[in-house]
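K.L.:
Take this structure, written in structure tokens, and hold onto it; I'll ask about it next.
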Amino acid sequence: MVDLSVSLAGVTLKNPIIPASGTFGYGREFAEIYDLNILGSFSWKGTTRDPRPGNPQPRIAETPGGMLNAVGLQNPGMEAVLREEVPNIAKIFRGPVIANVCGFSLEEYAENCARLNDAEQVRILEVNISCPNVHAGGKNFGSDPQSAAAVTRAVRAATKKPVFMKLSPNVTDIAEIAKACEAEGADGLCLINTLLGMRIDLRTKRPLIANRTGGLSGPAVFPVAVRMVWDVYEAVGEKIPVIGCGGVSSAEDAAEMMLAGASAVEVGAASLRDPWACKKIIEDLPAVCERLGVSQISELTGGAHHGA
């Protein structure tokens, strides 16, 4: 028997597989097709203080090896999530939940995190710093170490729950940003968010997405994600855990991400292509661990750094 349990900043998950934010909603739709209690956790849809309708259509486009999306953080707002979604999650899932928190100012980030303090099932706050800072000309909070550090400092002061900063890959040096977040009290990191991409419709000679650019996800980004998880583990992996995310589509991918330094793995676009993707990955993990000669999956984390 293989022990699939892992620990994230003191929170125990029965296995390392976590549906990624933005691909799993608040769990309602997936609960209709399989028992969510097989999951290690799930990261709910990015939530802002106020309701957001999202970007204009079209906002999703397929591309070889993945997809582009510019949904624009469509969500019902924190009040509705606390009132309607949190009680429903308790009915369909018994494990620890990860709340993806978004904001357009330091104050909004802190307020949203503080409002989740009484949500008992929410055990980890995943803070999305790929949001534009409305007070800094729309530059993303995750685009430089100083801005990332400022958000980390603000949310750390607002909550006692473990804080995992979700990092953007659209930067020059992700390891420097990781170190800045760790220095300001982040309990962990999640990476990567989507890569910025674009497609053009040859018939109309216009961008396929109304927003012009979108976030690239899917298998195409997997090698980039593995490299960035490796770099961040090298920078802070001895101090805080890393959740790896980006193009994971199989149990083998999950193992590879963990060998690069991840303690747990998020699965995103794969669930949009195949709603049973996470279930299949979890079912396949024991055999992959046996092939790799480990009886506890946590032994994989960072193994490639030590030649294990």
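Quick note on naming: the chains in the structure tokens go A, B, ... in the order shown, residues restart at 1 in each chain, and ligands are numbered from 1 in order of appearance.
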Identify, on the basis of only C-alpha atoms, every residue whose closest approach to Val81 of chain A does not exceed 10 Å; exclude the query and any residue fewer than 5 positions from it along the same chain; express the result as a ChimeraX atom specification.
P.N.:
/A:26,45,47-49,51,75-76,86-88
K.L.:
Next, the residues of the selection above should be written as a PDB file, in the first residue's frame with N, CA, C and O atoms.
P.N.:
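Okay, part_31.pdb is ready:
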ATOM      1  N   TYR A  26     -17.235  26.088  -7.674  1.00  0.00           N
ATOM      2  CA  TYR A  26     -17.289  25.879  -6.225  1.00  0.00           C
ATOM      3  C   TYR A  26     -17.674  24.424  -5.932  1.00  0.00           C
ATOM      4  O   TYR A  26     -18.195  24.114  -4.866  1.00  0.00           O
ATOM      5  N   LYS A  45     -13.172  28.842  -7.209  1.00  0.00           N
ATOM      6  CA  LYS A  45     -13.075  29.883  -8.226  1.00  0.00           C
ATOM      7  C   LYS A  45     -12.585  31.189  -7.608  1.00  0.00           C
ATOM      8  O   LYS A  45     -13.004  31.563  -6.511  1.00  0.00           O
ATOM      9  N   THR A  47     -12.247  34.571  -6.174  1.00  0.00           N
ATOM     10  CA  THR A  47     -13.352  35.357  -5.631  1.00  0.00           C
ATOM     11  C   THR A  47     -12.894  36.758  -5.249  1.00  0.00           C
ATOM     12  O   THR A  47     -11.892  36.932  -4.551  1.00  0.00           O
ATOM     13  N   THR A  48     -13.641  37.743  -5.718  1.00  0.00           N
ATOM     14  CA  THR A  48     -13.387  39.149  -5.416  1.00  0.00           C
ATOM     15  C   THR A  48     -14.412  39.654  -4.406  1.00  0.00           C
ATOM     16  O   THR A  48     -15.385  38.973  -4.094  1.00  0.00           O
ATOM     17  N   ARG A  49     -14.197  40.849  -3.907  1.00  0.00           N
ATOM     18  CA  ARG A  49     -15.143  41.416  -2.936  1.00  0.00           C
ATOM     19  C   ARG A  49     -16.529  41.598  -3.561  1.00  0.00           C
ATOM     20  O   ARG A  49     -17.543  41.208  -2.990  1.00  0.00           O
ATOM     21  N   PRO A  51     -19.351  41.258  -6.905  1.00  0.00           N
ATOM     22  CA  PRO A  51     -19.646  40.379  -8.043  1.00  0.00           C
ATOM     23  C   PRO A  51     -19.032  40.932  -9.324  1.00  0.00           C
ATOM     24  O   PRO A  51     -18.942  42.140  -9.512  1.00  0.00           O
ATOM     25  N   ASN A  75     -17.329  36.008 -11.040  1.00  0.00           N
ATOM     26  CA  ASN A  75     -17.686  35.338  -9.785  1.00  0.00           C
ATOM     27  C   ASN A  75     -18.800  36.112  -9.092  1.00  0.00           C
ATOM     28  O   ASN A  75     -19.024  37.289  -9.396  1.00  0.00           O
ATOM     29  N   PRO A  76     -19.509  35.484  -8.153  1.00  0.00           N
ATOM     30  CA  PRO A  76     -20.659  36.137  -7.518  1.00  0.00           C
ATOM     31  C   PRO A  76     -20.312  37.104  -6.398  1.00  0.00           C
ATOM     32  O   PRO A  76     -21.212  37.742  -5.840  1.00  0.00           O
ATOM     33  N   VAL A  86     -20.310  28.368   0.490  1.00  0.00           N
ATOM     34  CA  VAL A  86     -19.632  27.716   1.616  1.00  0.00           C
ATOM     35  C   VAL A  86     -20.530  26.663   2.280  1.00  0.00           C
ATOM     36  O   VAL A  86     -20.082  25.523   2.517  1.00  0.00           O
ATOM     37  N   PRO A  87     -21.809  26.959   2.571  1.00  0.00           N
ATOM     38  CA  PRO A  87     -22.676  25.909   3.129  1.00  0.00           C
ATOM     39  C   PRO A  87     -22.868  24.735   2.173  1.00  0.00           C
ATOM     40  O   PRO A  87     -22.955  23.577   2.621  1.00  0.00           O
ATOM     41  N   ASN A  88     -22.937  25.004   0.873  1.00  0.00           N
ATOM     42  CA  ASN A  88     -23.116  23.908  -0.084  1.00  0.00           C
ATOM     43  C   ASN A  88     -21.874  23.027  -0.166  1.00  0.00           C
ATOM     44  O   ASN A  88     -21.983  21.800  -0.278  1.00  0.00           O
TER      45      ASN A  88
END
K.L.:
Contacts of segment 139-150 of chain A at 7 Å or less, counting only C-alpha atoms, minus same-chain residues fewer than 5 places along, as a tab-separated table (two decimals) with N, CA and C atoms, in the first residue's frame?
P.N.:
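Saved to out_30.tsv:
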chain	number	residue	atom	x	y	z
A	129	ILE	N	-2.09	36.73	-7.10
A	129	ILE	CA	-1.49	38.05	-7.29
A	129	ILE	C	-1.25	38.36	-8.76
A	130	SER	N	-2.01	37.68	-9.65
A	130	SER	CA	-1.99	38.04	-11.07
A	130	SER	C	-3.07	39.06	-11.39
A	131	CYS	N	-3.70	39.62	-10.36
A	131	CYS	CA	-4.74	40.63	-10.56
A	131	CYS	C	-4.09	42.00	-10.79
A	132	PRO	N	-4.73	42.86	-11.61
A	132	PRO	CA	-4.19	44.21	-11.83
A	132	PRO	C	-4.41	45.12	-10.63
A	133	ASN	N	-3.40	45.90	-10.30
A	133	ASN	CA	-3.47	46.88	-9.21
A	133	ASN	C	-4.06	48.18	-9.77
A	167	LEU	N	1.68	32.48	-7.81
A	167	LEU	CA	2.61	33.31	-8.57
A	167	LEU	C	2.36	33.28	-10.07
A	168	SER	N	2.62	34.41	-10.70
A	168	SER	CA	2.51	34.54	-12.14
A	168	SER	C	3.81	34.12	-12.81
A	171	VAL	N	6.96	36.85	-15.58
A	171	VAL	CA	7.92	37.69	-14.85
A	171	VAL	C	9.34	37.32	-15.30
A	176	GLU	N	12.92	35.22	-7.32
A	176	GLU	CA	13.03	36.44	-6.51
A	176	GLU	C	11.70	36.83	-5.91
A	177	ILE	N	10.63	36.65	-6.68
A	177	ILE	CA	9.30	36.96	-6.17
A	177	ILE	C	8.92	35.96	-5.08
A	180	ALA	N	10.60	36.99	-1.92
A	180	ALA	CA	9.97	38.18	-1.35
A	180	ALA	C	8.71	37.81	-0.58
A	181	CYS	N	7.92	36.88	-1.12
A	181	CYS	CA	6.70	36.43	-0.45
A	181	CYS	C	7.03	35.67	0.83
A	184	GLU	N	7.95	37.83	3.76
A	184	GLU	CA	6.85	38.58	4.37
A	184	GLU	C	5.83	37.68	5.05
K.L.:
Excluding Lys239 of chain A and residues on its chain fewer than 5 positions from it, collect all residues at most 9 Å away from it, counting only C-alpha atoms, and give them as number ranges by chain.
P.N.:
A: 182, 187-188
K.L.:
Counting only C-alpha atoms, figure out which residue out of A:Glu108, A:Glu85, A:Glu79, A:Asp3 gets nearest to Ile282 of chain A.
P.N.:
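Of A:Glu108, A:Glu85, A:Glu79, A:Asp3, the one nearest Ile282 of chain A is A:Asp3, counting only C-alpha atoms.
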K.L.:
May I have the residues within 6 Å of Glu126 of chain A as a CSV table (one decimal) with N, CA, C and O atoms, in the first residue's frame, using only C-alpha atoms and disregarding those fewer than 3 positions away in the same chain?
P.N.:
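Result file follows (selection-v2.csv):
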chain,number,residue,atom,x,y,z
A,99,ALA,N,-9.4,28.4,-0.6
A,99,ALA,CA,-10.1,29.5,-1.1
A,99,ALA,C,-9.2,30.4,-2.0
A,99,ALA,O,-8.2,30.9,-1.4
A,100,ASN,N,-9.4,30.5,-3.3
A,100,ASN,CA,-8.7,31.4,-4.1
A,100,ASN,C,-9.2,32.8,-4.0
A,100,ASN,O,-10.4,33.1,-4.2
A,164,PHE,N,-1.0,30.9,1.0
A,164,PHE,CA,-0.2,30.5,-0.2
A,164,PHE,C,-0.4,31.5,-1.3
A,164,PHE,O,-1.5,31.7,-1.7
A,165,MET,N,0.7,32.1,-1.7
A,165,MET,CA,0.7,33.1,-2.7
A,165,MET,C,0.8,32.4,-4.1
A,165,MET,O,1.7,31.6,-4.3
K.L.:
Please build the interface table for segment 118-225 of chain A against segment 37-41 of chain A with a cut-off of 12 Å, listing for each qualifying residue the nearest atom pair and the distance in Å to one decimal; count only C-alpha atoms, order rows by chain and increasing number, and write it as a tab-separated table.
P.N.:
residue	atom	partner	partner_atom	distance
A:Gln121	CA	A:Ser41	CA	10.6
A:Val122	CA	A:Ser41	CA	10.0
A:Arg123	CA	A:Ser41	CA	9.7
A:Ile124	CA	A:Ser41	CA	9.9
K.L.:
What does the distance from atom CA of Gly218 of chain A to atom CA of Ala269 of chain A come to in Å, to one decimal?
P.N.:
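Here the two named atoms are 5.2 Å from each other.
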K.L.:
Which is closest to Ala260 of chain A among A:Pro223, A:Gly197, A:Gly22, A:Gly214, if we use only C-alpha atoms?
P.N.:
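Closest candidate: A:Pro223.
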K.L.:
From the DSSP assignment of the backbone, select every residue of segment 1-127 of chain A that is alpha helix (DSSP H), and format the answer as number ranges by chain.
P.N.:
A: 28-31, 78-80, 86-92, 106-115
K.L.:
Return as a PDB file with C-alpha atoms, in the first residue's frame the full set of residues in segment 28-239 of chain A whose backbone-based DSSP assignment is strand (DSSP E).
P.N.:
ATOM      1  CA  ILE A  60     -12.035  31.095 -24.519  1.00  0.00           C
ATOM      2  CA  ALA A  61     -10.116  29.737 -27.516  1.00  0.00           C
ATOM      3  CA  GLU A  62      -8.532  26.353 -28.150  1.00  0.00           C
ATOM      4  CA  THR A  63      -4.927  26.173 -29.235  1.00  0.00           C
ATOM      5  CA  GLY A  66      -3.952  23.790 -24.546  1.00  0.00           C
ATOM      6  CA  MET A  67      -6.390  26.684 -24.381  1.00  0.00           C
ATOM      7  CA  LEU A  68      -6.502  30.444 -23.950  1.00  0.00           C
ATOM      8  CA  ASN A  69      -8.930  32.058 -21.543  1.00  0.00           C
ATOM      9  CA  VAL A  97     -10.921  23.564   1.075  1.00  0.00           C
ATOM     10  CA  ILE A  98      -8.572  26.085  -0.535  1.00  0.00           C
ATOM     11  CA  ALA A  99     -10.088  29.529  -1.133  1.00  0.00           C
ATOM     12  CA  ASN A 100      -8.656  31.409  -4.108  1.00  0.00           C
ATOM     13  CA  VAL A 101      -8.748  35.086  -3.157  1.00  0.00           C
ATOM     14  CA  VAL A 122     -11.492  26.859   4.352  1.00  0.00           C
ATOM     15  CA  ARG A 123      -8.093  25.753   5.612  1.00  0.00           C
ATOM     16  CA  ILE A 124      -5.776  27.500   3.129  1.00  0.00           C
ATOM     17  CA  LEU A 125      -5.998  30.886   1.407  1.00  0.00           C
ATOM     18  CA  GLU A 126      -4.566  30.865  -2.104  1.00  0.00           C
ATOM     19  CA  VAL A 127      -3.914  34.505  -2.951  1.00  0.00           C
ATOM     20  CA  ASN A 128      -3.948  35.226  -6.670  1.00  0.00           C
ATOM     21  CA  VAL A 163      -1.461  31.848   3.171  1.00  0.00           C
ATOM     22  CA  PHE A 164      -0.217  30.464  -0.157  1.00  0.00           C
ATOM     23  CA  MET A 165       0.688  33.079  -2.747  1.00  0.00           C
ATOM     24  CA  LYS A 166      -0.168  32.054  -6.321  1.00  0.00           C
ATOM     25  CA  GLY A 188       3.497  28.415   0.977  1.00  0.00           C
ATOM     26  CA  LEU A 189       3.424  29.151  -2.732  1.00  0.00           C
ATOM     27  CA  CYS A 190       1.379  27.964  -5.689  1.00  0.00           C
ATOM     28  CA  LEU A 191       2.706  28.166  -9.242  1.00  0.00           C
ATOM     29  CA  LEU A 195       1.121  32.285 -19.410  1.00  0.00           C
ATOM     30  CA  LEU A 196       0.049  35.284 -21.466  1.00  0.00           C
ATOM     31  CA  GLY A 197      -0.852  34.299 -25.034  1.00  0.00           C
ATOM     32  CA  ILE A 200      -5.606  35.613 -34.433  1.00  0.00           C
ATOM     33  CA  ASP A 201      -8.575  34.515 -36.542  1.00  0.00           C
ATOM     34  CA  ARG A 206      -8.830  39.914 -35.565  1.00  0.00           C
ATOM     35  CA  PRO A 207      -7.795  38.355 -32.235  1.00  0.00           C
ATOM     36  CA  GLY A 214      -5.614  35.435 -22.643  1.00  0.00           C
ATOM     37  CA  GLY A 215      -3.991  32.994 -20.262  1.00  0.00           C
ATOM     38  CA  LEU A 216      -2.475  29.887 -21.845  1.00  0.00           C
ATOM     39  CA  SER A 217      -2.997  26.650 -19.933  1.00  0.00           C
TER      40      SER A 217
END
K.L.:
When you count only C-alpha atoms, which of these residues is closest to Gly268 of chain A: A:Gly246, A:Gly103, A:Gly27, A:Gly237?
P.N.:
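The answer is A:Gly246, which sits nearest to Gly268 of chain A.
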K.L.:
Given only C-alpha atoms as the basis, pick out the residue of A:Gly46, A:Gly185, A:Gly244, A:Pro96 nearest to Arg153 of chain A.
P.N.:
A:Gly185
K.L.:
With only C-alpha atoms as the atoms that count, which of A:Leu272, A:Val71, A:Ile89, A:Ala277 lies nearest to Ala254 of chain A?
P.N.:
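Among the listed residues, A:Ala277 lies closest to Ala254 of chain A.
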